[in-house]
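**Q** Sending over data.cif (mmCIF, C-alpha atoms).
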data_input
#
loop_
_atom_site.label_atom_id
_atom_site.label_comp_id
_atom_site.auth_asym_id
_atom_site.auth_seq_id
_atom_site.Cartn_x
_atom_site.Cartn_y
_atom_site.Cartn_z
CA MET D 1 -21.39 46.64 -114.74
CA ASP D 2 -18.32 46.50 -116.93
CA LEU D 3 -18.43 48.02 -120.36
CA ILE D 4 -16.66 46.25 -123.18
CA ASP D 5 -13.16 47.58 -123.81
CA CYS D 6 -13.36 48.69 -127.42
CA ARG D 7 -10.50 51.20 -127.49
CA GLN D 8 -8.67 49.21 -130.15
CA VAL D 9 -11.82 49.26 -132.31
CA ALA D 10 -12.33 53.01 -131.79
CA LYS D 11 -9.09 53.85 -133.62
CA LYS D 12 -10.64 53.01 -136.96
CA LYS D 13 -14.09 53.41 -138.38
CA SER D 14 -15.39 49.89 -138.80
CA ASN D 15 -18.06 48.36 -140.95
CA LEU D 16 -20.91 46.18 -139.75
CA ASP D 17 -21.96 44.25 -142.83
CA LEU D 18 -25.38 42.71 -142.27
CA SER D 19 -24.89 40.40 -145.25
CA LYS D 20 -22.33 38.49 -143.14
CA LEU D 21 -25.34 37.00 -141.35
CA ASN D 22 -26.74 35.50 -144.58
CA GLY D 23 -24.35 32.56 -144.49
CA GLY D 24 -25.32 31.45 -141.00
CA SER D 25 -22.52 33.25 -139.25
CA PRO D 26 -22.26 32.98 -136.25
CA PRO D 27 -22.31 29.16 -136.05
CA GLY D 28 -25.21 28.94 -133.59
CA ILE D 29 -27.76 30.37 -136.01
CA SER D 30 -29.06 28.98 -139.27
CA PRO D 31 -28.48 30.75 -142.58
CA ALA D 32 -32.26 31.35 -142.76
CA LEU D 33 -32.35 33.10 -139.36
CA GLY D 34 -29.25 35.10 -140.23
CA GLN D 35 -30.82 36.31 -143.48
CA PHE D 36 -34.11 37.09 -141.70
CA ALA D 37 -32.30 39.11 -139.00
CA ALA D 38 -30.23 41.01 -141.57
CA GLU D 39 -33.33 41.79 -143.63
CA ALA D 40 -35.26 42.94 -140.53
CA ALA D 41 -32.42 45.29 -139.54
CA GLY D 42 -32.31 46.72 -143.07
CA VAL D 43 -36.08 47.28 -143.09
CA LEU D 44 -35.94 49.08 -139.72
CA LEU D 45 -33.07 51.30 -140.81
CA GLU D 46 -34.90 52.19 -144.03
CA HIS D 47 -38.13 52.68 -142.06
CA ASN D 48 -36.21 55.39 -140.19
CA LYS D 49 -35.08 56.94 -143.52
CA HIS D 50 -31.51 55.63 -143.37
CA LYS D 51 -29.50 54.36 -146.33
CA ALA D 52 -26.75 51.76 -146.44
CA GLY D 53 -23.60 53.32 -145.00
CA VAL D 54 -25.40 55.05 -142.13
CA GLU D 55 -23.31 55.42 -138.98
CA MET D 56 -24.30 53.64 -135.79
CA ARG D 57 -22.91 54.80 -132.47
CA VAL D 58 -21.95 51.91 -130.22
CA LEU D 59 -21.64 52.88 -126.60
CA ALA D 60 -19.26 50.59 -124.81
CA SER D 61 -16.14 51.51 -122.79
CA ALA D 62 -15.38 54.13 -125.44
CA PRO D 63 -17.85 55.46 -127.99
CA THR D 64 -17.31 53.82 -131.36
CA ARG D 65 -18.88 54.44 -134.74
CA TYR D 66 -19.70 51.78 -137.28
CA GLU D 67 -20.87 52.14 -140.82
CA ILE D 68 -23.73 49.71 -141.36
CA SER D 69 -24.03 48.13 -144.78
CA TRP D 70 -26.74 45.91 -146.17
CA ALA D 71 -27.74 44.65 -149.58
CA GLY D 72 -30.73 46.08 -151.39
CA LEU D 73 -33.94 44.75 -149.92
CA HIS D 74 -36.24 42.42 -151.84
CA ALA D 75 -39.50 44.09 -152.87
CA SER D 76 -41.45 42.04 -150.31
CA ALA D 77 -39.11 42.78 -147.38
CA ARG D 78 -41.24 45.66 -146.11
CA THR D 79 -44.43 43.59 -146.19
CA THR D 80 -42.66 40.63 -144.58
CA HIS D 81 -41.53 42.86 -141.68
CA LYS D 82 -44.68 45.02 -141.46
CA ASP D 83 -45.06 44.05 -137.78
CA LEU D 84 -42.39 46.46 -136.50
CA PRO D 85 -42.25 45.09 -132.91
CA ALA D 86 -41.43 41.63 -134.30
CA ALA D 87 -39.02 43.07 -136.88
CA VAL D 88 -37.15 45.09 -134.25
CA GLU D 89 -36.56 41.93 -132.20
CA TYR D 90 -34.91 40.13 -135.11
CA GLY D 91 -33.12 43.20 -136.44
CA ALA D 92 -31.60 43.81 -133.00
CA TYR D 93 -30.46 40.18 -132.87
CA GLY D 94 -28.62 40.67 -136.15
CA ILE D 95 -26.77 43.76 -134.93
CA ALA D 96 -25.99 42.10 -131.57
CA PHE D 97 -24.64 38.94 -133.25
CA LEU D 98 -22.17 41.04 -135.22
CA LEU D 99 -21.14 43.11 -132.19
CA VAL D 100 -20.49 40.02 -130.08
CA GLU D 101 -17.93 38.92 -132.67
CA GLU D 102 -16.55 42.46 -132.94
CA PHE D 103 -15.97 43.00 -129.21
CA THR D 104 -15.32 39.52 -127.87
CA THR D 105 -13.74 36.21 -128.84
CA LEU D 106 -17.16 34.60 -128.45
CA LYS D 107 -19.86 33.54 -130.88
CA VAL D 108 -23.53 32.72 -130.61
CA ILE D 109 -23.72 28.96 -130.10
CA GLU D 110 -27.33 28.31 -129.11
CA ARG D 111 -30.76 29.92 -128.65
CA SER D 112 -31.82 30.04 -125.01
CA ALA D 113 -35.04 28.49 -123.72
CA LYS D 114 -37.89 30.74 -122.59
CA LYS D 115 -37.88 32.18 -119.06
CA THR D 116 -34.09 32.06 -118.66
CA GLY D 117 -33.85 35.85 -118.83
CA ILE D 118 -31.54 35.77 -121.86
CA ASP D 119 -31.86 35.23 -125.60
CA TYR D 120 -28.70 33.33 -126.57
CA TRP D 121 -25.80 31.37 -125.13
CA LEU D 122 -22.30 32.34 -126.21
CA GLY D 123 -19.10 30.32 -126.44
CA THR D 124 -15.85 30.00 -128.33
CA GLY D 125 -17.11 27.06 -130.35
CA LYS D 126 -14.38 24.86 -128.86
CA GLU D 127 -16.13 23.91 -125.63
CA PRO D 128 -18.05 20.63 -125.31
CA LEU D 129 -21.57 20.58 -126.73
CA PHE D 130 -24.03 22.65 -124.70
CA GLN D 131 -21.26 24.21 -122.59
CA ALA D 132 -21.74 27.95 -122.89
CA THR D 133 -19.24 30.46 -121.51
CA ALA D 134 -21.44 33.59 -121.52
CA ARG D 135 -24.99 34.84 -122.00
CA LEU D 136 -26.54 37.38 -124.41
CA GLU D 137 -29.68 39.44 -123.81
CA VAL D 138 -30.86 41.64 -126.69
CA SER D 139 -33.52 44.30 -127.08
CA GLY D 140 -34.47 46.60 -129.92
CA ILE D 141 -36.21 49.95 -130.20
CA VAL D 142 -37.76 51.10 -133.49
CA ASN D 143 -37.18 54.79 -132.75
CA GLY D 144 -36.62 56.47 -129.41
CA GLU D 145 -33.14 57.22 -128.14
CA ASP D 146 -34.67 58.44 -124.89
CA LYS D 147 -35.85 54.87 -124.12
CA VAL D 148 -32.41 53.26 -124.30
CA ASP D 149 -31.15 53.78 -120.72
CA GLU D 150 -34.32 52.42 -119.16
CA ARG D 151 -34.29 49.41 -121.49
CA VAL D 152 -30.66 48.66 -120.60
CA LYS D 153 -31.59 48.67 -116.88
CA ASP D 154 -34.55 46.35 -117.56
CA LYS D 155 -32.40 43.92 -119.55
CA MET D 156 -29.66 43.88 -116.91
CA LYS D 157 -32.25 42.95 -114.30
CA GLN D 158 -33.89 40.38 -116.60
CA SER D 159 -30.57 38.63 -117.21
CA ASP D 160 -30.32 37.94 -113.45
CA ARG D 161 -32.73 35.00 -113.92
CA SER D 162 -29.88 32.96 -115.41
CA LYS D 163 -27.11 34.54 -113.38
CA GLY D 164 -24.70 32.02 -111.91
CA LYS D 165 -21.03 32.24 -112.83
CA LEU D 166 -21.35 33.17 -116.51
CA PRO D 167 -21.02 36.80 -117.59
CA ALA D 168 -23.89 38.40 -119.51
CA PHE D 169 -23.67 40.74 -122.47
CA ILE D 170 -26.53 43.19 -122.91
CA ALA D 171 -27.20 44.78 -126.30
CA VAL D 172 -29.91 47.40 -126.75
CA VAL D 173 -30.20 48.54 -130.37
CA GLU D 174 -32.05 51.74 -131.31
CA PHE D 175 -32.71 52.03 -135.05
CA GLY D 176 -33.88 55.67 -135.21
CA GLN D 177 -30.60 57.42 -134.48
CA PRO D 178 -29.10 54.57 -134.88
CA MET D 179 -27.19 53.48 -131.79
CA CYS D 180 -26.43 50.49 -129.57
CA VAL D 181 -25.45 50.15 -125.94
CA PHE D 182 -23.33 47.03 -125.53
CA LYS D 183 -22.44 46.13 -121.93
CA LYS D 184 -20.89 43.24 -120.08
CA ARG D 185 -22.40 42.32 -116.76
#
Just give me the structure as structure tokens.
**A**
Amino acid sequence: MDLIDCRQVAKKKSNLDLSKLNGGSPPGISPALGQFAAEAAGVLLEHNKHKAGVEMRVLASAPTRYEISWAGLHASARTTHKDLPAAVEYGAYGIAFLLVEEFTTLKVIERSAKKTGIDYWLGTGKEPLFQATARLEVSGIVNGEDKVDERVKDKMKQSDRSKGKLPAFIAVVEFGQPMCVFKKR
């Protein structure tokens, strides 16, 4: 289980801007999904009494801190994301999409089919159509830092369903503290 080498990132305090997702970045997601994921992450952070600019610890090869920014939420955002288990899934995707681009040269290129053990396929964007170079499995926790280690183990095991020769990246996002474990398998 290799952790991502983020020593070069750790030298500076970086910003994760959720609004970057609104334009459909990365290329494998639509602008609508990007906006939905960004909004869900903002709702979960505010649900946990955080304001834009809150620090998120990212545990990779070296602990790193990011300042998370997001635009003001539309009045109906909280009612749209009232189902917190569904919101945490999409909010965690948003954070993971940004961290993939932060820590790797890869991007999300395609949603995975059910029962593959992963959520998304990753690539550089230069490979032939449908030729992924890595896998991404994501999980979110509304609030409960004590649940993170167990969830990481579960997701590592789950990603074995699509094992083969492609590496897997596991991202477990906890919105209460907030923190994320981002590992390469």
**Q** With only C-alpha atoms as the atoms that count, which of D:Lys153, D:Lys163, D:Val58, D:Asp119 lies nearest to D:Phe103?
**A**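 Under the stated criterion, the closest residue is D:Val58.
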**Q** Evaluate the PyMOL selection byres ((chain D and resi 55) around 8) against this structure - the residues, as number ranges by chain, please.
**A** D: 53-54, 56-57, 65-68, 178
**Q** Between D:Gln177, D:Ser19, D:Ser14, D:Gln35, which has the minimum distance to D:Tyr90 (counting only C-alpha atoms)?
**A**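 With only C-alpha atoms as the atom set, the closest residue is D:Gln35.
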**Q** For D:Glu145, which residue out of D:Gly28, D:Gly117, D:Gly164, D:Gly176 is the nearest one, using only C-alpha atoms?
**A** D:Gly176
**Q** So which residues get picked by the PyMOL selection byres ((chain D and resi 51) around 12) here, written as an mmCIF file with C-alpha atoms, keeping the file's coordinate frame?
**A**
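Okay, part_18.cif is ready:
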data_model
loop_
_atom_site.group_PDB
_atom_site.id
_atom_site.type_symbol
_atom_site.label_atom_id
_atom_site.label_comp_id
_atom_site.auth_asym_id
_atom_site.auth_seq_id
_atom_site.Cartn_x
_atom_site.Cartn_y
_atom_site.Cartn_z
ATOM 1 C CA ALA D 41 -32.420 45.290 -139.540
ATOM 2 C CA GLY D 42 -32.310 46.720 -143.070
ATOM 3 C CA VAL D 43 -36.080 47.280 -143.090
ATOM 4 C CA LEU D 44 -35.940 49.080 -139.720
ATOM 5 C CA LEU D 45 -33.070 51.300 -140.810
ATOM 6 C CA GLU D 46 -34.900 52.190 -144.030
ATOM 7 C CA HIS D 47 -38.130 52.680 -142.060
ATOM 8 C CA ASN D 48 -36.210 55.390 -140.190
ATOM 9 C CA LYS D 49 -35.080 56.940 -143.520
ATOM 10 C CA HIS D 50 -31.510 55.630 -143.370
ATOM 11 C CA ALA D 52 -26.750 51.760 -146.440
ATOM 12 C CA GLY D 53 -23.600 53.320 -145.000
ATOM 13 C CA VAL D 54 -25.400 55.050 -142.130
ATOM 14 C CA GLU D 55 -23.310 55.420 -138.980
ATOM 15 C CA MET D 56 -24.300 53.640 -135.790
ATOM 16 C CA GLU D 67 -20.870 52.140 -140.820
ATOM 17 C CA ILE D 68 -23.730 49.710 -141.360
ATOM 18 C CA SER D 69 -24.030 48.130 -144.780
ATOM 19 C CA TRP D 70 -26.740 45.910 -146.170
ATOM 20 C CA ALA D 71 -27.740 44.650 -149.580
ATOM 21 C CA GLY D 72 -30.730 46.080 -151.390
ATOM 22 C CA LEU D 73 -33.940 44.750 -149.920
ATOM 23 C CA PHE D 175 -32.710 52.030 -135.050
ATOM 24 C CA PRO D 178 -29.100 54.570 -134.880
#
